[in-house]
Structures are given as C-alpha cells and as structure tokens.
Amino acid sequence: MKSNNDEESEKIRAPSTKIYQNASPMDIEKEVVPNKKTGASTTGSDKYHWTPPGQTVLSNSIITKKTLFFIRHGIARHNIASHANQGFDPTDEYFFDSPLNWKGQKQAELTGDKIRKYISNVESNALDLVVVSPLTRCLQTATAAFPQRSSDQSTSPPLIFCHDGLREAYGIHTADRRRTRSELKEKWPMVHFDQNMTEKDEAWRSDKRETVDDVSRRAVAFFQWLAHRPETNIAIVSHGIWIECCLRHHCPSSLSGGRRVYNCDVFKGEFYHDETETTRKLQNTMLLTSGCIF
C-alpha cells in the first residue's frame, strides 16, 4: 500500500506505454527497441529522434518533474536605446555587456517578490536553484530578485549558478559580449560559476551573430545539463531571444499571436526527465507575470 509520501513525491513511475499529447520537435527521446531473445527493451540507437504529437513512447524508468520559472532580465541600457531607435548602433562599445538601469533594478526586485509569493501559496517546496546567464544584466537581475541575505529566516536563499549556455544570441552586438570570468567572480562572489566557462569570451565574434538554430541547440544542451541537477524548483534568468527560442520549440502556444518576451516577464513550466536520459520534455508553460512593455 502506498504511503502519502509516495503519492506526493515528485518522482513517479512511468507506465510501460505513455502518450505525449502535446509533444513538439524539442521533445527528445531515444528510440527503444524490444530485444527479440530476452524481451527486454534496449536502446536501438544513440541517435535522438523527434517525437511527433500523439506518438507512443516506451519507457519503464522513473520520471522526475522540475518546476521552472523562466525570467527575462530587467530593462538594460541597450533596451532603452534600441526602443528609442534614434541612431541606435548595437555595435557601439558604449553598450558592452549592458547593465540594468534604475528601472530594471526595481523590476528585478519586484519580480523576486512576486515569485516568492506565488511559490509560498502554490508550490510545496521553496525555490532551491537559480541558473543565470553570465551577462551583467542577468546577474544583476538574479541577485536583486533572489538576494543571498534574506529577511525571511524560515527559508534558505537559493543557490545561484552561472551557466554560459543561457547567454543571449552572441556576435556583432556588443551588449551580448561578456566580461572575463575573473571579473564576474570578483563582482559577484555569492554566485557559483560553471567550471567549464572560459576565462575570456571566446564565442563572441564581431563579424557573425548566432542564428535561431544555434540558440536552440544551446537550449537543448542546457536541458541535458539541467536534468542532472538534484533541485526541483528552479528559476532560469536569461534573455529574450533565448527564452523565445525555448518556448517556441517546446510550447509554441505560450507565445501565440506573435507575442514577444518582455523585460522581467516570468513564464512557468514543468520539465520532465528520467535517469536514463531517454525522456526530456517541457510542457504546461504559462505566463505567470508580465514584465515591461515600453
């Protein structure tokens, strides 16, 4: 007989056959082929294939659920200039690693308050991880929204982890070129930085910018990394293009009607994965709170 704890657990036993009604091209599955001699299911190929809507997926593994909060950074220097569009030059060094302005800083603080209030009313567990892009405007947003010294003594502040895969589409635009890893660590000592992050920004180029497909591939790699994290309530602080690529591939209905992701928009979603890495799925995304439309 199952205990209450078993029923409330975030880990559920997947049935032998599961239908994903809302599957999309970003639902990555490994093809499972029954062994004719033993009857056991084995991986037929290491190559991933896309699961079309309604396809049956074979799985006998434990499915883990993570609740994700996608947050775009607050209003930054280059956002103001781009919106004004009065001779805005995205290659100008003035916009290098563009920081928040005073309004963006306030946005970030209010966004953190809204998420904490939502979690305390709806979620059973507190936020336990914040993953953030290494660009200054995102680090400022993350540390303002989720300060490491909290007045609430009943909960511990979440770990803040900087992941290079969350950065904006890079190249040409100076706002999307990051500082050195040493500079970032010195300025944000409370943040844990990925050991794989290079000292200098070796990805940004002055003559070439990432495509949407490039950003989408980085998103796939990020979710592969996220599946190995033990935390289950996670905030992801990133950028407009990165979040839009992610949502349009996984859950396009969340950006219906040509909607864009605005500064400090928060989208909530559910990420499902298993320990064998055969299932990774983001679903049930919704706009939790609207940010700023200039």
# chains A, B, ... in the order shown; residues from 1 in each chain; ligands from 1
>>> residues_around(residues="Ser98 (chain A)", least_positions_apart="2", cutoff="9 Å", atoms="only C-alpha atoms", output="ChimeraX atom specification")
/A:76-79,94-96,100,135-137,174-177
>>> write_last_selection(atoms="N, CA and C atoms", output="compact mmCIF listing (two decimals), in the first residue's frame")
# COMPACT_ATOMS: atom_id res chain seq x y z
N ALA A 76 17.58 47.14 -19.51
CA ALA A 76 19.01 47.46 -19.52
C ALA A 76 19.29 48.65 -20.44
N ARG A 77 20.50 49.12 -20.38
CA ARG A 77 20.91 50.31 -21.13
C ARG A 77 20.59 50.19 -22.62
N HIS A 78 20.93 49.07 -23.22
CA HIS A 78 20.73 48.93 -24.66
C HIS A 78 19.25 48.78 -25.02
N ASN A 79 18.41 48.28 -24.09
CA ASN A 79 16.97 48.19 -24.34
C ASN A 79 16.36 49.57 -24.52
N TYR A 94 29.79 51.46 -26.15
CA TYR A 94 29.07 52.02 -25.00
C TYR A 94 28.09 50.99 -24.43
N PHE A 95 27.63 50.08 -25.27
CA PHE A 95 26.64 49.09 -24.84
C PHE A 95 27.27 47.76 -24.44
N PHE A 96 28.60 47.70 -24.35
CA PHE A 96 29.28 46.46 -23.98
C PHE A 96 28.72 45.90 -22.67
N LEU A 100 21.76 46.88 -16.13
CA LEU A 100 20.41 47.37 -15.86
C LEU A 100 20.44 48.87 -15.60
N LEU A 135 25.91 37.34 -18.48
CA LEU A 135 25.91 38.75 -18.84
C LEU A 135 25.43 39.58 -17.65
N THR A 136 26.01 40.77 -17.51
CA THR A 136 25.81 41.59 -16.31
C THR A 136 24.35 41.83 -16.00
N ARG A 137 23.54 42.13 -17.00
CA ARG A 137 22.13 42.46 -16.75
C ARG A 137 21.38 41.29 -16.14
N THR A 174 27.45 44.39 -29.16
CA THR A 174 28.37 44.47 -28.01
C THR A 174 27.68 44.21 -26.68
N ALA A 175 26.38 44.44 -26.62
CA ALA A 175 25.65 44.19 -25.37
C ALA A 175 25.70 42.72 -24.98
N ASP A 176 25.95 41.85 -25.96
CA ASP A 176 25.93 40.41 -25.72
C ASP A 176 27.31 39.80 -25.60
N ARG A 177 28.34 40.65 -25.48
CA ARG A 177 29.70 40.17 -25.22
C ARG A 177 29.95 40.22 -23.72
>>> residues_around(residues="Trp102 (chain A)", least_positions_apart="6", cutoff="12 Å", atoms="only C-alpha atoms", output="ChimeraX atom specification")
/A:74-77,80,108-109,137,140-141,144
>>> atom_distance(atom1="CA of Glu123 (chain A)", atom2="CA of Gln105 (chain A)")
26.0 Å
>>> closest_residue(among="A:Val220, A:Pro134, A:Ile243, A:Ala145", to="His192 (chain A)", atoms="only C-alpha atoms")
A:Pro134
>>> closest_residue(among="A:Ser238, A:Thr91, A:Ser133, A:Asn233", to="Arg116 (chain A)", atoms="only C-alpha atoms")
A:Asn233
>>> select_by_dssp(residues="region 78-291 of chain A", states="strand (DSSP E or B)", output="ChimeraX atom specification")
/A:100,129-132,159-162,192-193,233-238,263,266-274,279-289
